[in-house]
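Participant: Please find run-v8.pdb (PDB, C-alpha atoms, pLDDT in the B column) on the next line:
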MODEL        1
ATOM      1  CA  MET A   1       7.073  -2.284   4.017  1.00 63.00           C
ATOM      2  CA  THR A   2       8.460  -3.648   7.290  1.00 86.00           C
ATOM      3  CA  GLN A   3      11.066  -6.383   7.137  1.00 92.00           C
ATOM      4  CA  THR A   4      12.802  -8.457   9.788  1.00 95.00           C
ATOM      5  CA  LEU A   5      16.098 -10.297   9.396  1.00 97.00           C
ATOM      6  CA  VAL A   6      16.820 -13.234  11.714  1.00 97.00           C
ATOM      7  CA  ARG A   7      20.031 -15.272  11.509  1.00 97.00           C
ATOM      8  CA  THR A   8      19.664 -18.902  12.588  1.00 97.00           C
ATOM      9  CA  ILE A   9      22.893 -18.691  14.578  1.00 96.00           C
ATOM     10  CA  ASP A  10      21.432 -15.879  16.735  1.00 97.00           C
ATOM     11  CA  VAL A  11      18.456 -17.976  17.945  1.00 97.00           C
ATOM     12  CA  ALA A  12      18.958 -20.322  20.892  1.00 96.00           C
ATOM     13  CA  PRO A  13      17.970 -23.943  20.184  1.00 95.00           C
ATOM     14  CA  GLN A  14      15.143 -25.539  22.176  1.00 94.00           C
ATOM     15  CA  THR A  15      15.673 -29.259  22.819  1.00 92.00           C
ATOM     16  CA  TRP A  16      12.811 -31.581  21.904  1.00 84.00           C
ATOM     17  CA  ARG A  17      11.035 -33.486  24.666  1.00 75.00           C
ATOM     18  CA  ASN A  18      11.967 -36.805  23.008  1.00 75.00           C
ATOM     19  CA  GLY A  19      15.666 -35.835  22.854  1.00 76.00           C
ATOM     20  CA  GLY A  20      15.841 -36.450  19.099  1.00 82.00           C
ATOM     21  CA  GLY A  21      16.812 -32.923  18.151  1.00 88.00           C
ATOM     22  CA  ALA A  22      16.387 -29.195  18.699  1.00 93.00           C
ATOM     23  CA  THR A  23      14.422 -26.368  17.086  1.00 95.00           C
ATOM     24  CA  ARG A  24      15.256 -22.710  16.519  1.00 97.00           C
ATOM     25  CA  GLU A  25      12.083 -20.660  16.137  1.00 97.00           C
ATOM     26  CA  LEU A  26      12.841 -17.823  13.708  1.00 98.00           C
ATOM     27  CA  LEU A  27       9.318 -16.418  13.416  1.00 97.00           C
ATOM     28  CA  ALA A  28       6.030 -16.854  15.283  1.00 96.00           C
ATOM     29  CA  TRP A  29       3.331 -14.510  14.032  1.00 94.00           C
ATOM     30  CA  PRO A  30       1.461 -12.818  15.613  1.00 93.00           C
ATOM     31  CA  GLY A  31       3.120 -14.228  18.760  1.00 92.00           C
ATOM     32  CA  ALA A  32       4.755 -17.321  20.245  1.00 90.00           C
ATOM     33  CA  ALA A  33       1.668 -18.415  22.217  1.00 89.00           C
ATOM     34  CA  ASP A  34      -0.918 -17.883  19.450  1.00 92.00           C
ATOM     35  CA  TRP A  35       1.078 -18.277  16.245  1.00 95.00           C
ATOM     36  CA  ARG A  36      -0.640 -18.616  12.900  1.00 96.00           C
ATOM     37  CA  VAL A  37       2.587 -18.533  10.907  1.00 96.00           C
ATOM     38  CA  ARG A  38       5.708 -20.207  12.287  1.00 97.00           C
ATOM     39  CA  VAL A  39       9.112 -20.589  10.632  1.00 98.00           C
ATOM     40  CA  SER A  40      11.761 -22.722  12.298  1.00 97.00           C
ATOM     41  CA  VAL A  41      14.989 -24.583  11.668  1.00 98.00           C
ATOM     42  CA  ALA A  42      15.347 -28.003  13.272  1.00 96.00           C
ATOM     43  CA  ASP A  43      18.405 -30.172  13.817  1.00 96.00           C
ATOM     44  CA  ILE A  44      17.325 -33.822  13.701  1.00 95.00           C
ATOM     45  CA  GLU A  45      19.831 -36.059  15.497  1.00 93.00           C
ATOM     46  CA  ALA A  46      17.900 -39.317  15.958  1.00 93.00           C
ATOM     47  CA  ASP A  47      15.058 -41.309  14.436  1.00 94.00           C
ATOM     48  CA  GLY A  48      11.658 -40.743  16.003  1.00 92.00           C
ATOM     49  CA  PRO A  49       8.172 -39.268  15.741  1.00 92.00           C
ATOM     50  CA  PHE A  50       7.345 -35.675  14.835  1.00 91.00           C
ATOM     51  CA  SER A  51       5.033 -33.749  17.136  1.00 89.00           C
ATOM     52  CA  THR A  52       1.491 -33.541  15.797  1.00 90.00           C
ATOM     53  CA  PHE A  53      -0.122 -30.178  15.052  1.00 93.00           C
ATOM     54  CA  PRO A  54      -3.855 -30.607  14.348  1.00 95.00           C
ATOM     55  CA  GLY A  55      -5.245 -27.876  12.092  1.00 95.00           C
ATOM     56  CA  VAL A  56      -1.770 -26.974  10.801  1.00 96.00           C
ATOM     57  CA  GLN A  57      -0.406 -27.155   7.264  1.00 97.00           C
ATOM     58  CA  ARG A  58       3.296 -28.097   7.411  1.00 97.00           C
ATOM     59  CA  TRP A  59       6.023 -27.499   4.847  1.00 98.00           C
ATOM     60  CA  PHE A  60       9.392 -29.253   5.223  1.00 97.00           C
ATOM     61  CA  ALA A  61      12.713 -28.951   3.330  1.00 97.00           C
ATOM     62  CA  VAL A  62      16.171 -30.412   4.032  1.00 97.00           C
ATOM     63  CA  LEU A  63      18.850 -27.723   4.487  1.00 94.00           C
ATOM     64  CA  LYS A  64      21.930 -29.789   5.363  1.00 93.00           C
ATOM     65  CA  GLY A  65      22.878 -33.414   5.765  1.00 94.00           C
ATOM     66  CA  PRO A  66      21.987 -36.607   3.904  1.00 94.00           C
ATOM     67  CA  GLY A  67      18.227 -36.234   4.386  1.00 96.00           C
ATOM     68  CA  VAL A  68      15.346 -38.134   5.923  1.00 97.00           C
ATOM     69  CA  LEU A  69      12.689 -40.712   5.209  1.00 97.00           C
ATOM     70  CA  LEU A  70       9.360 -39.427   6.521  1.00 97.00           C
ATOM     71  CA  ASP A  71       6.530 -41.890   7.009  1.00 97.00           C
ATOM     72  CA  ILE A  72       3.401 -39.708   6.976  1.00 97.00           C
ATOM     73  CA  ALA A  73       0.244 -41.660   7.823  1.00 94.00           C
ATOM     74  CA  GLY A  74       1.796 -44.810   6.321  1.00 94.00           C
ATOM     75  CA  ARG A  75       3.149 -43.173   3.136  1.00 96.00           C
ATOM     76  CA  PRO A  76       6.968 -42.937   2.774  1.00 97.00           C
ATOM     77  CA  HIS A  77       8.633 -39.735   1.510  1.00 97.00           C
ATOM     78  CA  LEU A  78      12.380 -39.647   0.882  1.00 97.00           C
ATOM     79  CA  LEU A  79      13.707 -36.072   1.188  1.00 96.00           C
ATOM     80  CA  THR A  80      17.227 -34.839   0.467  1.00 95.00           C
ATOM     81  CA  ARG A  81      18.843 -31.429   0.003  1.00 90.00           C
ATOM     82  CA  ASN A  82      17.970 -31.508  -3.703  1.00 87.00           C
ATOM     83  CA  ASP A  83      14.237 -32.154  -3.292  1.00 94.00           C
ATOM     84  CA  PRO A  84      11.465 -29.546  -3.380  1.00 95.00           C
ATOM     85  CA  PRO A  85       9.685 -28.822  -0.086  1.00 97.00           C
ATOM     86  CA  LEU A  86       7.055 -31.287   1.065  1.00 98.00           C
ATOM     87  CA  CYS A  87       3.627 -30.109   2.263  1.00 98.00           C
ATOM     88  CA  PHE A  88       1.640 -32.316   4.656  1.00 97.00           C
ATOM     89  CA  ASP A  89      -1.074 -32.301   7.308  1.00 97.00           C
ATOM     90  CA  GLY A  90       0.320 -31.456  10.745  1.00 95.00           C
ATOM     91  CA  ALA A  91      -2.220 -33.795  12.370  1.00 96.00           C
ATOM     92  CA  ALA A  92      -0.862 -36.829  10.500  1.00 96.00           C
ATOM     93  CA  ALA A  93       1.205 -39.354  12.447  1.00 95.00           C
ATOM     94  CA  THR A  94       4.736 -38.760  11.133  1.00 95.00           C
ATOM     95  CA  GLU A  95       7.808 -40.881  11.809  1.00 95.00           C
ATOM     96  CA  CYS A  96      11.259 -39.663  10.790  1.00 95.00           C
ATOM     97  CA  ARG A  97      14.224 -41.874   9.950  1.00 96.00           C
ATOM     98  CA  LEU A  98      17.633 -40.347   9.205  1.00 97.00           C
ATOM     99  CA  ILE A  99      19.170 -41.566   5.956  1.00 95.00           C
ATOM    100  CA  ASP A 100      22.813 -41.446   7.052  1.00 93.00           C
ATOM    101  CA  GLY A 101      23.317 -39.177  10.041  1.00 94.00           C
ATOM    102  CA  PRO A 102      21.969 -35.872  11.395  1.00 96.00           C
ATOM    103  CA  THR A 103      20.183 -33.353   9.190  1.00 96.00           C
ATOM    104  CA  ARG A 104      19.010 -29.771   9.451  1.00 96.00           C
ATOM    105  CA  ASP A 105      15.630 -28.829   8.042  1.00 97.00           C
ATOM    106  CA  LEU A 106      13.430 -25.798   7.407  1.00 98.00           C
ATOM    107  CA  ASN A 107       9.805 -25.801   8.572  1.00 97.00           C
ATOM    108  CA  LEU A 108       6.903 -23.523   7.683  1.00 98.00           C
ATOM    109  CA  MET A 109       3.731 -24.121   9.715  1.00 97.00           C
ATOM    110  CA  LEU A 110       0.416 -22.415   8.979  1.00 97.00           C
ATOM    111  CA  ARG A 111      -2.627 -22.336  11.274  1.00 96.00           C
ATOM    112  CA  ASP A 112      -5.737 -20.445  10.095  1.00 93.00           C
ATOM    113  CA  ALA A 113      -3.660 -19.395   7.098  1.00 94.00           C
ATOM    114  CA  THR A 114      -2.720 -20.616   3.640  1.00 95.00           C
ATOM    115  CA  GLY A 115       0.677 -20.424   2.045  1.00 96.00           C
ATOM    116  CA  LEU A 116       3.585 -22.148   0.429  1.00 96.00           C
ATOM    117  CA  MET A 117       7.298 -22.854   0.437  1.00 97.00           C
ATOM    118  CA  GLN A 118       9.225 -23.123  -2.817  1.00 96.00           C
ATOM    119  CA  ILE A 119      12.837 -23.184  -3.955  1.00 95.00           C
ATOM    120  CA  ALA A 120      14.271 -19.780  -4.928  1.00 94.00           C
ATOM    121  CA  ASP A 121      15.944 -19.510  -8.334  1.00 92.00           C
ATOM    122  CA  ASP A 122      19.090 -17.394  -8.478  1.00 93.00           C
ATOM    123  CA  GLY A 123      18.397 -13.941  -9.922  1.00 91.00           C
ATOM    124  CA  GLN A 124      14.827 -14.832 -10.950  1.00 94.00           C
ATOM    125  CA  THR A 125      11.858 -12.646 -10.067  1.00 94.00           C
ATOM    126  CA  TRP A 126       9.411 -14.195  -7.603  1.00 95.00           C
ATOM    127  CA  GLU A 127       5.895 -12.790  -7.381  1.00 93.00           C
ATOM    128  CA  SER A 128       4.243 -13.044  -3.995  1.00 88.00           C
ATOM    129  CA  ARG A 129       0.477 -13.247  -4.046  1.00 88.00           C
ATOM    130  CA  ALA A 130       0.317 -13.646  -0.269  1.00 92.00           C
ATOM    131  CA  MET A 131      -0.189 -11.012   2.426  1.00 94.00           C
ATOM    132  CA  LYS A 132       3.096 -11.907   4.136  1.00 95.00           C
ATOM    133  CA  CYS A 133       6.206 -13.502   2.727  1.00 96.00           C
ATOM    134  CA  GLY A 134       9.825 -14.242   3.336  1.00 96.00           C
ATOM    135  CA  LEU A 135      13.046 -15.755   2.126  1.00 97.00           C
ATOM    136  CA  PHE A 136      15.188 -18.306   3.924  1.00 98.00           C
ATOM    137  CA  THR A 137      18.710 -18.444   2.503  1.00 96.00           C
ATOM    138  CA  ALA A 138      21.136 -21.343   2.141  1.00 93.00           C
ATOM    139  CA  VAL A 139      23.874 -18.942   0.975  1.00 94.00           C
ATOM    140  CA  ALA A 140      24.569 -15.243   1.403  1.00 96.00           C
ATOM    141  CA  GLY A 141      23.270 -12.858  -1.210  1.00 96.00           C
ATOM    142  CA  ARG A 142      21.109  -9.833  -1.903  1.00 96.00           C
ATOM    143  CA  CYS A 143      17.333  -9.574  -1.995  1.00 97.00           C
ATOM    144  CA  SER A 144      15.658  -6.823  -4.002  1.00 95.00           C
ATOM    145  CA  ALA A 145      12.173  -5.988  -2.755  1.00 92.00           C
ATOM    146  CA  GLY A 146      10.076  -2.995  -3.714  1.00 81.00           C
ATOM    147  CA  GLY A 147      13.086  -0.964  -4.808  1.00 86.00           C
ATOM    148  CA  ILE A 148      15.108  -1.817  -1.680  1.00 92.00           C
ATOM    149  CA  ASP A 149      18.273  -3.925  -1.859  1.00 94.00           C
ATOM    150  CA  ILE A 150      18.918  -5.976   1.299  1.00 96.00           C
ATOM    151  CA  ALA A 151      22.062  -7.970   2.144  1.00 97.00           C
ATOM    152  CA  VAL A 152      21.091 -11.364   3.566  1.00 97.00           C
ATOM    153  CA  PRO A 153      23.611 -13.741   5.201  1.00 97.00           C
ATOM    154  CA  ALA A 154      23.515 -17.519   4.784  1.00 95.00           C
ATOM    155  CA  TYR A 155      20.997 -19.435   6.913  1.00 96.00           C
ATOM    156  CA  ALA A 156      18.875 -16.381   7.665  1.00 98.00           C
ATOM    157  CA  LEU A 157      15.191 -15.520   7.414  1.00 98.00           C
ATOM    158  CA  LEU A 158      14.182 -12.247   5.771  1.00 98.00           C
ATOM    159  CA  TRP A 159      10.481 -11.701   6.543  1.00 97.00           C
ATOM    160  CA  PHE A 160       8.088  -9.062   5.190  1.00 95.00           C
ATOM    161  CA  ASP A 161       4.940  -8.284   7.210  1.00 93.00           C
ATOM    162  CA  ALA A 162       3.421  -6.798   4.056  1.00 91.00           C
ATOM    163  CA  ALA A 163       4.539  -8.763   1.017  1.00 92.00           C
ATOM    164  CA  PRO A 164       6.199  -6.783  -1.792  1.00 92.00           C
ATOM    165  CA  ALA A 165       4.727  -7.593  -5.201  1.00 87.00           C
ATOM    166  CA  LEU A 166       8.062  -8.745  -6.665  1.00 93.00           C
ATOM    167  CA  LEU A 167      11.242 -10.063  -5.090  1.00 95.00           C
ATOM    168  CA  VAL A 168      14.584 -11.215  -6.477  1.00 95.00           C
ATOM    169  CA  PHE A 169      17.328 -13.067  -4.597  1.00 96.00           C
ATOM    170  CA  THR A 170      20.813 -13.107  -6.090  1.00 94.00           C
ATOM    171  CA  ALA A 171      23.263 -15.497  -4.449  1.00 94.00           C
ATOM    172  CA  SER A 172      26.871 -14.515  -3.809  1.00 92.00           C
ATOM    173  CA  GLU A 173      28.000 -18.099  -4.480  1.00 83.00           C
ATOM    174  CA  ARG A 174      26.709 -21.152  -6.321  1.00 77.00           C
ATOM    175  CA  PRO A 175      25.947 -24.081  -3.991  1.00 70.00           C
ATOM    176  CA  ALA A 176      25.403 -27.643  -5.161  1.00 70.00           C
ATOM    177  CA  ALA A 177      21.694 -27.389  -4.318  1.00 77.00           C
ATOM    178  CA  ALA A 178      19.056 -24.718  -3.591  1.00 87.00           C
ATOM    179  CA  ILE A 179      20.180 -21.165  -2.762  1.00 92.00           C
ATOM    180  CA  GLY A 180      17.118 -20.602  -0.612  1.00 95.00           C
ATOM    181  CA  TRP A 181      13.369 -20.929  -0.235  1.00 97.00           C
ATOM    182  CA  TRP A 182      10.516 -18.455  -0.686  1.00 97.00           C
ATOM    183  CA  LEU A 183       7.862 -18.583   2.029  1.00 97.00           C
ATOM    184  CA  ALA A 184       4.351 -17.136   1.800  1.00 96.00           C
ATOM    185  CA  ALA A 185       1.356 -16.852   4.142  1.00 96.00           C
ATOM    186  CA  THR A 186      -2.097 -15.313   4.012  1.00 94.00           C
ATOM    187  CA  PRO A 187      -4.198 -15.385   7.194  1.00 89.00           C
ATOM    188  CA  SER A 188      -7.777 -16.645   6.822  1.00 87.00           C
ATOM    189  CA  GLN A 189     -10.551 -14.101   6.257  1.00 74.00           C
ATOM    190  CA  GLY A 190     -11.863 -12.428   9.373  1.00 53.00           C
ATOM    191  CA  LYS A 191      -8.654 -12.971  11.349  1.00 51.00           C
ATOM    192  CA  PRO A 192      -5.774 -10.461  11.738  1.00 48.00           C
TER     193      PRO A 192
ENDMDL
END
How would this structure read if it were set down as structure tokens?
Facilitator:
Amino acid sequence: MTQTLVRTIDVAPQTWRNGGGATRELLAWPGAADWRVRVSVADIEADGPFSTFPGVQRWFAVLKGPGVLLDIAGRPHLLTRNDPPLCFDGAAATECRLIDGPTRDLNLMLRDATGLMQIADDGQTWESRAMKCGLFTAVAGRCSAGGIDIAVPAYALLWFDAAPALLVFTASERPAAAIGWWLAATPSQGKP
């Protein structure tokens, strides 16, 4: 079982072409040019359109800030720190409006893969049925995976190239909202 730990603070932000924010790419598998699984944290500083990603399933969750109103193909979705992740088609025209100032969000994008993002429950076992999985934390804590206990700082991605059957994340503090998010991905058949 190979795992990678990436702290958001250690990844340089890349400014968006429209100037409305910046993205920190935490994971691009198998590589940055040909990714099929991508995990990133974005700081949204202004209203504006999202980039389109045809053929990509997108998951989105608010990490910090008041939240956003996403208009996805004409359907409004209000998302705050307390809401479960939203899944939508990356090809859909998506406009973002800040509710009351800048926000930080977590993104999982899947191309030629299936997967999910869901809120982690403190101390509760999570069973991964995917080939690859990970945990993004809102607070520091410890993740138990396949008999290994791993310290994970706040705002970090812990990624497993081969998903352990069972994982547990125990937070070191109790935030007002989610302690973190489980991420899962299985590449399509016939592709690595």
Participant: Report as a list of chain:residue names the full result of the PyMOL selection byres ((chain A and resi 50-59) around 6) when it is applied to this structure.
Facilitator: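 Applied to this file, the PyMOL selection byres ((chain A and resi 50-59) around 6) selects A:Pro49, A:Phe60, A:Leu86, A:Cys87, A:Phe88, A:Asp89, A:Gly90, A:Ala91, A:Thr94, A:Asn107, A:Leu108, A:Met109, A:Leu110, A:Arg111.
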Participant: Take the residues from that selection and put them in a file with C-alpha atoms, as a compact mmCIF listing (two decimals), keeping the file's coordinate frame.
Facilitator:
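Below is the file that was written, selection29.txt:
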# COMPACT_ATOMS: atom_id res chain seq x y z
CA PRO A 49 8.17 -39.27 15.74
CA PHE A 60 9.39 -29.25 5.22
CA LEU A 86 7.06 -31.29 1.06
CA CYS A 87 3.63 -30.11 2.26
CA PHE A 88 1.64 -32.32 4.66
CA ASP A 89 -1.07 -32.30 7.31
CA GLY A 90 0.32 -31.46 10.74
CA ALA A 91 -2.22 -33.80 12.37
CA THR A 94 4.74 -38.76 11.13
CA ASN A 107 9.80 -25.80 8.57
CA LEU A 108 6.90 -23.52 7.68
CA MET A 109 3.73 -24.12 9.72
CA LEU A 110 0.42 -22.42 8.98
CA ARG A 111 -2.63 -22.34 11.27
Participant: Can you list what the PyMOL selection byres ((chain A and resi 122) around 8) grabs from this structure, as a list of chain:residue names?
Facilitator: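 Selected by the PyMOL selection byres ((chain A and resi 122) around 8) here: A:Ala120, A:Asp121, A:Gly123, A:Gln124, A:Val168, A:Phe169, A:Thr170, A:Ala171, A:Ile179.
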Participant: List, as JSON, numbers by chain, every residue that the PyMOL selection byres ((chain A and resi 38) around 12) selects in the file provided.
Facilitator: {"A": [23, 24, 25, 26, 27, 28, 29, 30, 31, 32, 33, 34, 35, 36, 37, 39, 40, 41, 53, 56, 57, 58, 59, 106, 107, 108, 109, 110, 111, 112, 113, 115, 132, 133, 134, 157, 159, 183, 184, 185]}
Participant: Save the residues we just selected, C-alpha atoms, as a compact mmCIF listing (two decimals), keeping the file's coordinate frame?
Facilitator:
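Heads up, here's the output in selection-v2.txt:
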# COMPACT_ATOMS: atom_id res chain seq x y z
CA THR A 23 14.42 -26.37 17.09
CA ARG A 24 15.26 -22.71 16.52
CA GLU A 25 12.08 -20.66 16.14
CA LEU A 26 12.84 -17.82 13.71
CA LEU A 27 9.32 -16.42 13.42
CA ALA A 28 6.03 -16.85 15.28
CA TRP A 29 3.33 -14.51 14.03
CA PRO A 30 1.46 -12.82 15.61
CA GLY A 31 3.12 -14.23 18.76
CA ALA A 32 4.76 -17.32 20.24
CA ALA A 33 1.67 -18.42 22.22
CA ASP A 34 -0.92 -17.88 19.45
CA TRP A 35 1.08 -18.28 16.24
CA ARG A 36 -0.64 -18.62 12.90
CA VAL A 37 2.59 -18.53 10.91
CA VAL A 39 9.11 -20.59 10.63
CA SER A 40 11.76 -22.72 12.30
CA VAL A 41 14.99 -24.58 11.67
CA PHE A 53 -0.12 -30.18 15.05
CA VAL A 56 -1.77 -26.97 10.80
CA GLN A 57 -0.41 -27.16 7.26
CA ARG A 58 3.30 -28.10 7.41
CA TRP A 59 6.02 -27.50 4.85
CA LEU A 106 13.43 -25.80 7.41
CA ASN A 107 9.80 -25.80 8.57
CA LEU A 108 6.90 -23.52 7.68
CA MET A 109 3.73 -24.12 9.72
CA LEU A 110 0.42 -22.42 8.98
CA ARG A 111 -2.63 -22.34 11.27
CA ASP A 112 -5.74 -20.44 10.10
CA ALA A 113 -3.66 -19.40 7.10
CA GLY A 115 0.68 -20.42 2.04
CA LYS A 132 3.10 -11.91 4.14
CA CYS A 133 6.21 -13.50 2.73
CA GLY A 134 9.82 -14.24 3.34
CA LEU A 157 15.19 -15.52 7.41
CA TRP A 159 10.48 -11.70 6.54
CA LEU A 183 7.86 -18.58 2.03
CA ALA A 184 4.35 -17.14 1.80
CA ALA A 185 1.36 -16.85 4.14
Participant: Pick the closest to Leu69 of chain A from A:Glu127, A:Asp161, A:Glu95, A:Asp10: which is it, counting only C-alpha atoms?
Facilitator: A:Glu95
Participant: Record the distance separating atom CA of Asp105 of chain A and atom CA of Ile44 of chain A, expressed in Å with one decimal.
Facilitator: 7.7 Å
Participant: Within 12 Å of Thr15 of chain A, counting only C-alpha atoms, which residues qualify if same-chain residues fewer than 2 places away don't, as an MDAnalysis selection string?
Facilitator: chainID A and resid 12:13 17:25 42:45
Participant: Work out how far atom CA of Arg174 of chain A is from atom CA of Gln118 of chain A, in Å to one decimal.
Facilitator: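 Interatomic distance, atom CA of Gln118 of chain A to atom CA of Arg174 of chain A: 17.9 Å.
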Participant: Go through A:Arg81, A:Ser172, A:Gly146, A:Gly141 and flag the residue nearest Phe160 of chain A, using all atoms listed in the file for the distances.
Facilitator: A:Gly146
Participant: Could you tell me how far atom CA of Asp47 of chain A sits from atom CA of Gly65 of chain A, in Å to one decimal place?
Facilitator: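 Spanning atom CA of Gly65 of chain A to atom CA of Asp47 of chain A is a straight-line distance of 14.1 Å.
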Participant: Here is a test: counting only C-alpha atoms, which residue of A:Pro102, A:Pro153, A:Pro175, A:Pro164 is nearest to Trp126 of chain A?
Facilitator: A:Pro164
Participant: For Val68 of chain A, find every residue with an atom within 6 Å (counting all atoms listed in the file), except residues of its own chain fewer than 3 positions away, and show them as a list in words.
Facilitator: Leu79, Arg97, Leu98 and Ile99 of chain A
Participant: Find the spatial neighbours of Ser128 of chain A, counting all atoms listed in the file, within a cut-off of 7 Å - ignore same-chain residues fewer than 6 positions away - and output them as a PDB file with C-alpha atoms, in the coordinates of the input.
Facilitator:
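Output file part.pdb follows:
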ATOM      1  CA  ALA A 163       4.539  -8.763   1.017  1.00 92.00           C
ATOM      2  CA  PRO A 164       6.199  -6.783  -1.792  1.00 92.00           C
ATOM      3  CA  ALA A 165       4.727  -7.593  -5.201  1.00 87.00           C
ATOM      4  CA  LEU A 166       8.062  -8.745  -6.665  1.00 93.00           C
TER       5      LEU A 166
END
Participant: Between A:Thr103, A:Gln3, A:Gln189, A:Thr80, single out the one closest to Ile150 of chain A, counting all atoms listed in the file.
Facilitator: A:Gln3
Participant: Nearest to Ala46 of chain A: which of A:Ala61, A:Val11, A:Val152, A:Arg104 is it, counting only C-alpha atoms?
Facilitator: A:Arg104
